[in-house]
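This is protein.cif. It holds mmCIF, C-alpha atoms and all ligand atoms.
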```cif
data_run
loop_
_atom_site.label_atom_id
_atom_site.label_comp_id
_atom_site.auth_asym_id
_atom_site.auth_seq_id
_atom_site.Cartn_x
_atom_site.Cartn_y
_atom_site.Cartn_z
CA MET A 1 -31.91 18.60 0.25
CA ASP A 2 -32.43 14.89 0.71
CA ARG A 3 -29.08 13.55 1.93
CA ARG A 4 -29.63 10.33 -0.07
CA ASN A 5 -29.01 12.11 -3.36
CA ASN A 6 -26.83 15.00 -2.26
CA PRO A 7 -23.71 14.77 -4.47
CA TYR A 8 -21.70 16.91 -2.06
CA ALA A 9 -19.58 14.43 -0.09
CA PRO A 10 -16.12 15.87 0.44
CA GLY A 11 -13.40 13.72 1.96
CA ALA A 12 -9.74 12.98 1.40
CA GLY A 13 -9.37 10.81 -1.70
CA LEU A 14 -13.13 10.23 -2.05
CA GLN A 15 -14.16 9.83 -5.67
CA PRO A 16 -16.38 12.81 -6.55
CA PRO A 17 -19.45 12.07 -8.69
CA GLU A 18 -17.64 13.86 -11.53
CA LEU A 19 -13.85 14.06 -11.64
CA ALA A 20 -13.86 17.46 -13.30
CA GLY A 21 -11.07 18.58 -15.62
CA ARG A 22 -8.88 15.47 -15.32
CA ASP A 23 -9.88 13.64 -18.52
CA ARG A 24 -6.66 14.44 -20.37
CA LEU A 25 -4.46 13.39 -17.46
CA ILE A 26 -6.33 10.13 -17.02
CA GLU A 27 -6.26 9.45 -20.76
CA ASP A 28 -2.49 10.06 -20.90
CA ALA A 29 -1.86 7.76 -17.95
CA SER A 30 -4.12 5.11 -19.43
CA THR A 31 -2.17 5.32 -22.70
CA ASP A 32 1.06 4.88 -20.74
CA MET A 33 -0.37 1.76 -19.11
CA ASP A 34 -1.21 0.32 -22.53
CA ARG A 35 2.32 1.11 -23.70
CA LEU A 36 3.66 -0.61 -20.62
CA LEU A 37 1.68 -3.76 -21.38
CA ASP A 38 3.05 -3.52 -24.91
CA HIS A 39 6.67 -3.46 -23.61
CA ARG A 40 7.22 0.15 -24.62
CA PRO A 41 9.15 2.60 -22.44
CA VAL A 42 7.11 4.71 -20.04
CA LYS A 43 8.11 7.28 -17.49
CA GLY A 44 6.80 7.45 -13.97
CA MET A 45 4.29 10.14 -13.11
CA MET A 46 4.29 12.51 -10.18
CA LEU A 47 1.16 14.39 -9.18
CA LEU A 48 1.97 17.70 -7.53
CA GLY A 49 -0.40 20.32 -6.16
CA LEU A 50 -1.71 22.21 -3.21
CA ARG A 51 -3.71 20.56 -0.45
CA GLY A 52 -7.07 19.33 -1.53
CA VAL A 53 -6.47 19.92 -5.24
CA GLY A 54 -7.28 16.29 -6.02
CA LYS A 55 -4.02 14.32 -6.09
CA THR A 56 -5.37 11.38 -4.11
CA VAL A 57 -8.58 11.04 -6.13
CA VAL A 58 -6.60 10.98 -9.38
CA LEU A 59 -4.19 8.44 -7.91
CA ASN A 60 -7.09 6.25 -6.81
CA ARG A 61 -8.71 6.51 -10.22
CA LEU A 62 -5.47 5.52 -11.99
CA TRP A 63 -5.00 2.66 -9.56
CA ARG A 64 -8.42 1.30 -10.55
CA THR A 65 -7.69 1.84 -14.24
CA ALA A 66 -4.45 -0.14 -13.94
CA ALA A 67 -6.17 -2.98 -12.08
CA ASP A 68 -8.92 -3.09 -14.74
CA LYS A 69 -6.22 -3.55 -17.38
CA GLY A 70 -4.86 -6.59 -15.55
CA ILE A 71 -1.78 -4.81 -14.24
CA HIS A 72 -0.54 -5.90 -10.83
CA THR A 73 -0.78 -2.90 -8.57
CA THR A 74 -0.02 -1.73 -5.11
CA LYS A 75 -1.04 1.44 -3.37
CA VAL A 76 0.71 2.66 -0.24
CA GLU A 77 0.71 5.81 1.80
CA ALA A 78 4.24 6.96 2.54
CA PRO A 79 4.84 9.05 5.64
CA GLU A 80 7.26 11.98 5.50
CA GLY A 81 10.87 10.75 5.71
CA GLY A 82 9.30 7.35 5.60
CA ALA A 83 10.38 3.78 5.53
CA LEU A 84 9.90 2.71 1.91
CA PRO A 85 11.45 -0.75 2.36
CA GLN A 86 8.94 -1.64 5.06
CA LEU A 87 6.08 -0.23 3.00
CA LEU A 88 6.93 -1.76 -0.34
CA ALA A 89 8.48 -5.12 0.48
CA PRO A 90 5.24 -6.74 1.72
CA GLU A 91 3.40 -5.36 -1.29
CA LEU A 92 5.97 -6.71 -3.73
CA ARG A 93 5.76 -10.04 -1.94
CA ARG A 94 1.99 -10.01 -2.39
CA ILE A 95 2.42 -9.35 -6.12
CA LEU A 96 4.93 -12.18 -6.44
CA HIS A 97 2.56 -14.57 -4.74
CA ALA A 98 -0.26 -13.43 -7.00
CA LEU A 99 1.95 -14.09 -10.03
CA ASP A 100 2.94 -17.47 -8.72
CA LEU A 101 -0.60 -18.56 -8.04
CA GLN A 102 -1.39 -18.41 -11.74
CA VAL A 103 0.95 -21.28 -12.68
CA THR A 104 3.99 -22.78 -10.98
CA ALA A 105 6.80 -20.38 -10.22
CA THR A 106 9.01 -19.65 -13.18
CA HIS A 107 12.66 -18.72 -13.36
CA ARG A 108 11.92 -14.98 -13.27
CA ILE A 109 9.60 -15.28 -10.31
CA ARG A 110 12.25 -17.23 -8.45
CA GLU A 111 14.82 -14.57 -9.28
CA ALA A 112 12.52 -11.84 -8.04
CA ALA A 113 11.77 -13.82 -4.89
CA ALA A 114 15.51 -14.21 -4.28
CA ALA A 115 15.96 -10.45 -4.69
CA LEU A 116 13.09 -9.85 -2.27
CA ARG A 117 14.57 -12.23 0.23
CA ASN A 118 17.95 -10.43 0.06
CA PHE A 119 16.28 -7.05 0.24
CA VAL A 120 14.24 -7.79 3.36
CA SER A 121 17.29 -9.26 5.00
CA VAL A 122 19.61 -6.32 4.30
CA PHE A 123 16.98 -3.70 5.22
CA LYS A 124 15.73 -5.73 8.18
CA VAL A 125 12.15 -5.64 7.00
CA LYS A 126 9.71 -7.88 8.81
CA ILE A 127 7.42 -9.67 6.38
CA GLY A 128 5.98 -13.14 6.13
CA GLU A 129 7.97 -16.00 4.68
CA VAL A 130 9.07 -15.16 1.13
CA GLY A 131 8.59 -18.80 0.30
CA LEU A 132 8.35 -20.24 -3.19
CA GLY A 133 11.16 -22.61 -2.17
CA ILE A 134 13.79 -19.99 -2.86
CA GLU A 135 17.45 -20.54 -2.05
CA PRO A 136 19.34 -17.40 -0.96
CA THR A 137 21.35 -16.01 -3.89
CA PRO A 138 23.66 -13.27 -2.65
CA GLY A 139 24.57 -10.35 -4.86
CA TYR A 140 21.15 -9.11 -5.88
CA ALA A 141 19.33 -6.17 -4.26
CA ASP A 142 21.51 -6.59 -1.18
CA THR A 143 24.08 -3.76 -1.25
CA GLY A 144 22.31 -1.90 1.57
CA GLN A 145 21.97 1.18 -0.66
CA LEU A 146 18.26 1.81 -1.00
CA GLU A 147 18.75 3.86 -4.20
CA GLN A 148 20.28 0.81 -5.82
CA ASP A 149 18.48 -2.10 -4.20
CA LEU A 150 14.90 -0.86 -4.46
CA PRO A 151 15.07 -0.26 -8.25
CA ASP A 152 16.73 -3.68 -8.63
CA LEU A 153 13.99 -5.35 -6.65
CA VAL A 154 11.19 -3.49 -8.43
CA GLU A 155 12.75 -4.37 -11.78
CA ALA A 156 13.01 -8.03 -10.84
CA VAL A 157 9.32 -8.11 -9.88
CA ALA A 158 8.41 -6.22 -13.08
CA VAL A 159 10.32 -8.73 -15.20
CA ALA A 160 8.53 -11.56 -13.40
CA ALA A 161 5.19 -9.88 -14.16
CA GLU A 162 6.22 -9.40 -17.78
CA GLU A 163 6.82 -13.10 -18.04
CA ARG A 164 3.18 -13.53 -17.08
CA LYS A 165 2.19 -11.04 -19.82
CA SER A 166 1.39 -8.46 -17.16
CA ALA A 167 3.12 -5.44 -15.66
CA ILE A 168 3.30 -3.70 -12.31
CA CYS A 169 2.33 -0.19 -11.24
CA LEU A 170 3.20 1.21 -7.83
CA PHE A 171 0.96 3.98 -6.52
CA ILE A 172 2.52 5.93 -3.69
CA ASP A 173 0.49 8.62 -1.96
CA GLU A 174 1.70 11.03 0.65
CA ARG A 175 0.33 10.29 4.10
CA SER A 176 -1.57 13.37 5.18
N1 LIG A 201 -11.38 16.99 -10.27
C1 LIG A 201 -12.23 17.00 -9.24
N2 LIG A 201 -13.56 17.16 -9.43
C2 LIG A 201 -14.40 17.16 -8.38
N3 LIG A 201 -14.04 16.99 -7.09
C3 LIG A 201 -12.74 16.81 -6.83
C4 LIG A 201 -11.76 16.80 -7.88
N4 LIG A 201 -10.55 16.62 -7.34
C5 LIG A 201 -10.74 16.50 -6.00
N5 LIG A 201 -12.04 16.61 -5.69
C6 LIG A 201 -12.58 16.52 -4.32
O1 LIG A 201 -11.75 17.34 -3.49
C7 LIG A 201 -11.51 16.70 -2.25
C8 LIG A 201 -10.01 16.61 -2.00
O2 LIG A 201 -9.39 15.75 -2.94
P1 LIG A 201 -8.09 14.89 -2.60
O3 LIG A 201 -8.23 14.27 -1.26
O4 LIG A 201 -7.82 13.99 -3.75
O5 LIG A 201 -6.98 16.05 -2.54
P2 LIG A 201 -5.40 15.92 -2.32
O6 LIG A 201 -4.74 16.77 -3.38
O7 LIG A 201 -4.99 14.50 -2.25
O8 LIG A 201 -5.22 16.64 -0.92
P3 LIG A 201 -4.03 16.48 0.18
O9 LIG A 201 -2.89 17.31 -0.33
O10 LIG A 201 -4.63 17.03 1.43
O11 LIG A 201 -3.70 15.02 0.28
C9 LIG A 201 -12.21 15.34 -2.31
O12 LIG A 201 -13.45 15.41 -1.66
C10 LIG A 201 -12.41 15.10 -3.78
O13 LIG A 201 -13.54 14.29 -4.04
MG MG A 202 -4.12 13.37 -0.73
#
```
For the file at hand, write its structure as structure tokens.
Amino acid sequence: MDRRNNPYAPGAGLQPPELAGRDRLIEDASTDMDRLLDHRPVKGMMLLGLRGVGKTVVLNRLWRTAADKGIHTTKVEAPEGGALPQLLAPELRRILHALDLQVTATHRIREAAAALRNFVSVFKVKIGEVGLGIEPTPGYADTGQLEQDLPDLVEAVAVAAEERKSAICLFIDERS
């Protein structure tokens, strides 16, 4: 067969020519994204399955769907037992800067930036300057308990995105 039009191209996370049997899942997730943009409650989604079953391709597809809807997204690969603060903080910073570039920083963006600044300080994460002319405001996302601080930080960034009539979706894959 001519390799130019051979549809067989396996590879981790590579979009197959036809993403067979996932229409319902993608439709459900897409509906959730619309609900999110409409300020309705949505639960997170976890894709579970054996090796090679297609978790990464679905994740990549949903990532693109979210971006097409104007949602601010990030996609990271988390290693086993990994360092989520180091992985997510730079991504949340990128989202905050993207939000800020649209108009001048609002109250919510400043709050989220303050939370990010506290978070990177307490978890000793190395990222670029948080910037946006933010004064340190202790007492937010700075307890040192990841279970508490990360949701606080993510929520602060989500609220900042909401103020810009957007939302955020975090896509976290397992590093293989
Ligand atoms: N629904 C599908 N239809 C057609 N091909 C698919 C489908 N799902 C996955 N594939 C193909 O199977 C291969 C493996 O998919 P993928 O890398 O997403 O698996 P995975 O579940 O993330 O595996 P791992 O557990 O190793 O990370 C890829 O080449 C992908 O294109
Ligand atoms: Mg995978």
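Minimum atom-to-atom distances from A:Asn60, A:Asn5, A:Thr106, A:Gln86 to ligand MG 202 (chain A) were compared using all atoms listed in the file, and the lowest value belongs to A:Asn60.
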Within 6 Å of ligand MG 202 (chain A) (counting only C-alpha atoms and all ligand atoms), which residues show up? I'd like them as a tab-separated table (two decimals) with C-alpha atoms, in the coordinates of the input.
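Okay, out-v1.tsv is ready:
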```
chain	number	residue	atom	x	y	z
A	13	GLY	CA	-9.37	10.81	-1.70
A	55	LYS	CA	-4.02	14.32	-6.09
A	56	THR	CA	-5.37	11.38	-4.11
```
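Of note, CA of Thr104 (chain A) and CA of Asp34 (chain A) are spaced 26.3 Å apart.
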Worksheet item: To one decimal place, how far is CA of Gly52 (chain A) from CA of Ser176 (chain A) in Å?
Response: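 Interatomic distance, CA of Gly52 (chain A) to CA of Ser176 (chain A): 10.5 Å.
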Worksheet item: Interatomic distance between CA of Thr65 (chain A) and CA of Arg93 (chain A)?
Response: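 About the pair CA of Thr65 (chain A) and CA of Arg93 (chain A): they are 21.8 Å apart.
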Discussion item. So that I can check the surroundings of region 24-30 of chain A, please list as a ChimeraX atom specification every protein, DNA and RNA residue that reaches within 12 Å of it, counting all atoms listed in the file and ignoring chain neighbours fewer than 2 positions away.
Written reply: /A:19-22,32-37,42-47,55,57-69,71,169
Fill in: A:Pro151, A:Gly54, A:Pro7, A:Pro41 ranked by distance to ligand LIG 201 (chain A), top pick (using all atoms listed in the file)
A:Gly54
Practice prompt. Point out the residue among A:Arg94, A:Lys126, A:Arg164, A:Arg51 with the least atom-to-atom distance to ligand LIG 201 (chain A), counting only C-alpha atoms and all ligand atoms.
Written response: A:Arg51
Response to the item:
From the list A:Asp152, A:Glu77, A:Glu174, A:Glu18, the nearest residue to Ala115 (chain A) using only C-alpha atoms is A:Asp152
Discussion item. Restricting the calculation to only C-alpha atoms and all ligand atoms: of A:Pro90, A:Gly70, A:Gly128, A:Pro79, which residue gets closest to ligand LIG 201 (chain A)?
Written reply: A:Pro79
Please, what is the axis-aligned box for every listed atom of region 137-151 of chain A with 3 Å on each side, as centre and edge lengths in Å to one decimal, as JSON?
```
{"center_x": 19.7, "center_y": -6.1, "center_z": -3.3, "size_x": 15.7, "size_y": 25.9, "size_z": 15.8}
```
Discussion item. Just want the 12 Å neighbourhood of region 147-149 of chain A, counted on all atoms listed in the file, with same-chain residues fewer than 3 positions away dropped. Output as a list in words.
Written reply: Leu84, Pro85, Ala89, Ala115, Leu116, Arg117, Asn118, Phe119, Val120, Ser121, Val122, Phe123, Gly139, Tyr140, Ala141, Asp142, Thr143, Gly144, Asp152, Leu153, Val154, Glu155 and Ala156 of chain A
Discussion item. Restricting the calculation to all atoms listed in the file: of A:Leu99, A:Ala105, A:Ile172, A:Ala167, which residue gets closest to ligand LIG 201 (chain A)?
Written reply: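 Selected residue with least distance to ligand LIG 201 (chain A): A:Ile172.
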